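Engineer: Input structure: upload-v3.csv, which contains CSV, C-alpha atoms.
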```csv
chain,number,residue,atom,x,y,z
H,262,MET,CA,248.4,185.0,177.5
H,263,ALA,CA,245.2,186.9,177.5
H,264,TYR,CA,242.8,188.0,174.9
H,265,THR,CA,244.4,191.3,173.9
H,266,VAL,CA,243.3,193.6,171.0
H,267,PRO,CA,246.4,194.3,168.9
H,268,THR,CA,247.6,197.8,168.3
H,269,ALA,CA,248.4,199.8,165.1
H,270,ALA,CA,252.1,199.1,165.8
H,271,ASP,CA,251.4,195.3,166.0
H,272,LEU,CA,249.6,195.4,162.6
H,273,LYS,CA,252.4,197.4,161.0
H,274,VAL,CA,255.1,195.0,162.3
H,275,ARG,CA,253.1,192.0,161.0
H,276,TYR,CA,252.1,193.8,157.7
H,277,PRO,CA,254.6,196.5,156.9
H,278,GLU,CA,252.7,197.4,153.7
H,279,PHE,CA,250.5,199.5,156.1
H,280,ASP,CA,253.4,201.6,157.4
H,281,ALA,CA,252.2,204.7,155.6
H,282,VAL,CA,248.6,204.5,156.9
H,283,SER,CA,248.1,206.7,159.9
H,284,ASP,CA,248.0,205.0,163.3
H,285,ASP,CA,244.7,206.8,164.0
H,286,LEU,CA,243.0,205.3,161.0
H,287,VAL,CA,244.4,201.8,161.7
H,288,THR,CA,243.2,202.1,165.3
H,289,LEU,CA,239.7,203.2,164.3
H,290,VAL,CA,239.4,200.3,161.7
H,291,MET,CA,240.9,197.8,164.2
H,292,THR,CA,238.3,198.8,166.8
H,293,GLU,CA,235.6,198.1,164.3
H,294,ALA,CA,237.2,194.8,163.3
H,295,ALA,CA,237.6,193.8,167.0
H,296,GLY,CA,233.8,194.1,167.3
H,297,THR,CA,233.5,191.1,164.9
H,298,VAL,CA,236.0,188.9,166.7
H,299,SER,CA,234.9,187.9,170.1
H,300,THR,CA,236.6,185.9,172.9
H,301,SER,CA,234.7,182.8,171.7
H,302,TRP,CA,237.6,182.5,169.2
H,303,LEU,CA,240.6,180.4,170.2
H,304,GLU,CA,243.0,182.7,172.1
H,305,ARG,CA,245.8,182.1,169.7
H,306,ASP,CA,243.6,183.2,166.7
H,307,TYR,CA,242.1,186.2,168.4
H,308,ALA,CA,244.7,188.9,167.6
H,309,PRO,CA,245.6,187.5,164.2
H,310,ALA,CA,242.0,187.5,163.2
H,311,ILE,CA,241.5,191.1,164.2
H,312,MET,CA,244.7,192.1,162.3
H,313,LEU,CA,243.6,190.2,159.2
H,314,LEU,CA,240.1,191.7,159.2
H,315,THR,CA,241.7,195.2,159.8
H,316,ALA,CA,244.1,194.7,156.9
H,317,HIS,CA,241.2,193.5,154.6
H,318,MET,CA,239.1,196.6,155.6
H,319,LEU,CA,242.1,199.0,155.0
H,320,VAL,CA,242.7,197.5,151.6
H,321,THR,CA,239.1,197.5,150.4
H,322,GLU,CA,238.7,201.1,151.6
H,323,GLY,CA,241.8,202.3,149.7
H,324,ALA,CA,243.7,203.4,152.7
H,325,VAL,CA,247.1,202.3,151.4
H,326,GLU,CA,246.6,204.2,148.1
H,327,ARG,CA,245.4,207.3,150.0
H,328,ALA,CA,248.4,207.2,152.3
H,329,ALA,CA,250.7,207.1,149.3
H,330,GLY,CA,249.0,210.2,148.0
H,331,LYS,CA,247.2,208.4,145.2
H,332,LYS,CA,243.6,209.3,144.3
H,333,THR,CA,241.3,206.4,144.8
H,334,THR,CA,237.7,205.8,144.2
H,335,VAL,CA,237.1,202.4,145.8
H,336,THR,CA,233.9,200.9,144.4
H,337,SER,CA,234.4,197.2,144.6
H,338,THR,CA,231.4,195.2,143.8
H,339,GLY,CA,232.3,191.6,143.4
H,340,PRO,CA,235.6,189.8,142.6
H,341,ILE,CA,238.2,191.3,140.4
H,342,LYS,CA,237.5,190.4,136.8
H,343,SER,CA,240.6,191.9,135.2
H,344,LYS,CA,243.6,194.1,136.2
H,345,THR,CA,246.3,196.1,134.5
H,346,ILE,CA,249.5,197.1,136.3
H,347,GLY,CA,250.8,200.0,134.0
H,348,GLU,CA,248.5,203.0,134.5
H,349,VAL,CA,246.6,200.9,137.1
H,350,SER,CA,243.2,199.6,135.9
H,351,VAL,CA,240.8,197.2,137.8
H,352,THR,CA,237.5,195.8,136.6
H,353,TYR,CA,235.1,194.2,139.0
H,354,ALA,CA,232.8,191.4,138.0
H,355,GLY,CA,229.9,193.1,139.7
H,356,ALA,CA,227.4,192.2,142.4
H,357,GLY,CA,226.0,188.7,142.2
H,358,ALA,CA,229.1,187.4,140.4
H,359,GLY,CA,229.9,185.2,143.3
H,360,ALA,CA,232.1,187.3,145.5
H,361,GLY,CA,233.0,184.3,147.5
H,362,SER,CA,229.4,183.3,148.1
H,363,ALA,CA,230.2,179.7,147.3
H,364,ALA,CA,232.4,179.6,150.4
H,365,GLY,CA,229.8,181.3,152.6
H,366,ASP,CA,231.4,184.7,152.1
H,367,LEU,CA,228.5,187.1,151.6
H,368,SER,CA,230.6,190.0,152.9
H,369,GLY,CA,233.2,190.1,150.2
H,370,LEU,CA,236.0,188.8,152.4
H,371,SER,CA,237.4,186.7,149.6
H,372,ALA,CA,238.2,189.8,147.6
H,373,THR,CA,241.6,190.1,149.4
H,374,GLU,CA,244.3,187.7,150.6
H,375,TYR,CA,243.8,189.1,154.1
H,376,GLY,CA,240.1,188.4,154.0
H,377,LYS,CA,240.7,184.8,152.7
H,378,ARG,CA,243.0,184.1,155.6
H,379,PHE,CA,240.4,185.6,158.0
H,380,LEU,CA,237.8,183.3,156.5
H,381,ALA,CA,240.2,180.3,157.0
H,382,LEU,CA,240.7,181.2,160.7
H,383,ARG,CA,236.9,181.7,161.1
H,384,ARG,CA,236.3,178.3,159.7
H,385,ALA,CA,238.9,176.8,162.0
H,386,ASN,CA,237.2,178.4,165.0
H,387,PHE,CA,233.6,177.8,163.9
H,388,GLY,CA,233.5,174.9,161.6
H,389,GLY,CA,229.9,174.1,162.0
H,390,PRO,CA,228.1,171.1,163.5
H,391,MET,CA,229.8,167.7,163.6
H,392,VAL,CA,227.9,164.7,162.2
H,393,ALA,CA,228.7,161.3,163.6
```
Could you spell out this file's structure in structure tokens?

Structural biologist:
Amino acid sequence: MAYTVPTAADLKVRYPEFDAVSDDLVTLVMTEAAGTVSTSWLERDYAPAIMLLTAHMLVTEGAVERAAGKKTTVTSTGPIKSKTIGEVSVTYAGAGAGAGSAAGDLSGLSATEYGKRFLALRRANFGGPMVA
């Protein structure tokens, strides 16, 4: 098996919640995500990491809502402080509220489940120095 960048079809098979998002958009975002995941990752984690980062980026950019025809103004700054399901309402804690910074997440990856799983894979691949 070789290091192969997954396709939009691969992402949609793994995460069918992105079916309504155009393949062109998924491909563009995936190309961006692939620039973050190099072949220094374990081969088995390479494609999953790219798909997780792509899914995180699509969610945080509001791509799923736009594909469903919903108006979205994505302005997430910090972790979600409160949410309402009926008539959808989300409140963010704001910048500096610890959007995962305790786990070394200065990029907001802990804001989505996809991002959290990406961080777990990144830690598994690059755990830091070993102390004897």

Engineer: To one decimal place, how far is atom CA of H:Ala294 from atom CA of H:Ile311 in Å?

Structural biologist: 5.7 Å

Engineer: Measuring atom to atom with all atoms listed in the file, identify which of H:Thr268, H:Asn386, H:Thr321, H:Thr300 is nearest to H:Val287.

Structural biologist: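 Among the listed residues, the smallest separation from H:Val287 belongs to H:Thr268.
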
Engineer: For each of H:Val392, H:Met291, H:Val274, H:Val266, take the minimum atom-to-atom distance to H:His317, counting all atoms listed in the file, then give the residue where this is smallest.

Structural biologist: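 Among H:Val392, H:Met291, H:Val274, H:Val266, it is H:Met291 that comes nearest to H:His317.
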
Engineer: I'd like the neighbourhood of stretch 279-285 of chain H as a list of chain:residue names, where a residue qualifies if any of its atoms comes within 8 Å (using only C-alpha atoms), though same-chain residues fewer than 6 positions away should be ignored.

Structural biologist: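 What passes the distance filter is H:Ala269, H:Ala270, H:Leu272, H:Lys273, H:Ala324, H:Val325, H:Ala328, H:Ala329.
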
Engineer: Just how far from atom CA of H:Arg327 is atom CA of H:Ala295, in Å to one decimal?

Structural biologist: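 Taking atom CA of H:Ala295 as the start and atom CA of H:Arg327 as the end point, the length is 23.1 Å.
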
Engineer: Give the answer as one residue: which of H:Ala393, H:Met318, H:Leu382, H:Val298 has the shortest atom-to-atom distance to H:Leu370, using all atoms listed in the file?

Structural biologist: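 Closest to H:Leu370, using all atoms listed in the file: H:Met318.
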
Engineer: So how far away is atom CA of H:Leu303 from atom CA of H:Ala316, in Å?

Structural biologist: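 A separation of 19.8 Å between them.
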
Engineer: Pick the closest to H:Glu374 from H:Glu322, H:Leu313, H:Gly388, H:Thr292: which is it, counting only C-alpha atoms?

Structural biologist: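 Of all the options, H:Leu313 lies closest to H:Glu374.
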
Engineer: With all atoms listed in the file counted, which protein, DNA or RNA residues have an atom no more than 10 Å from (240.5, 185.9, 151.1) in the file frame? Please answer as a list in words.

Structural biologist: Leu313, Leu314, His317, Gly361, Asp366, Gly369, Leu370, Ser371, Ala372, Thr373, Glu374, Tyr375, Gly376, Lys377, Arg378, Phe379, Leu380 and Ala381 of chain H

Engineer: From the list H:Glu278, H:Gly389, H:Lys332, H:Thr297, which residue is nearest H:Ala310 when using all atoms listed in the file?

Structural biologist: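 Selected residue with least distance to H:Ala310: H:Thr297.
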
Engineer: Excluding H:Asp271 and its own-chain neighbours fewer than 5 positions away, which residues fall within 10 Å of it when counting all atoms listed in the file? Please give them as a VMD selection string.

Structural biologist: chain H and resid 266 276 to 277 308 to 309 312

Engineer: Measuring atom to atom with only C-alpha atoms, identify which of H:Val290, H:Gly347, H:Glu326, H:Arg305 is nearest to H:Ala385.

Structural biologist: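 So, comparing all the options, the nearest one is H:Arg305.
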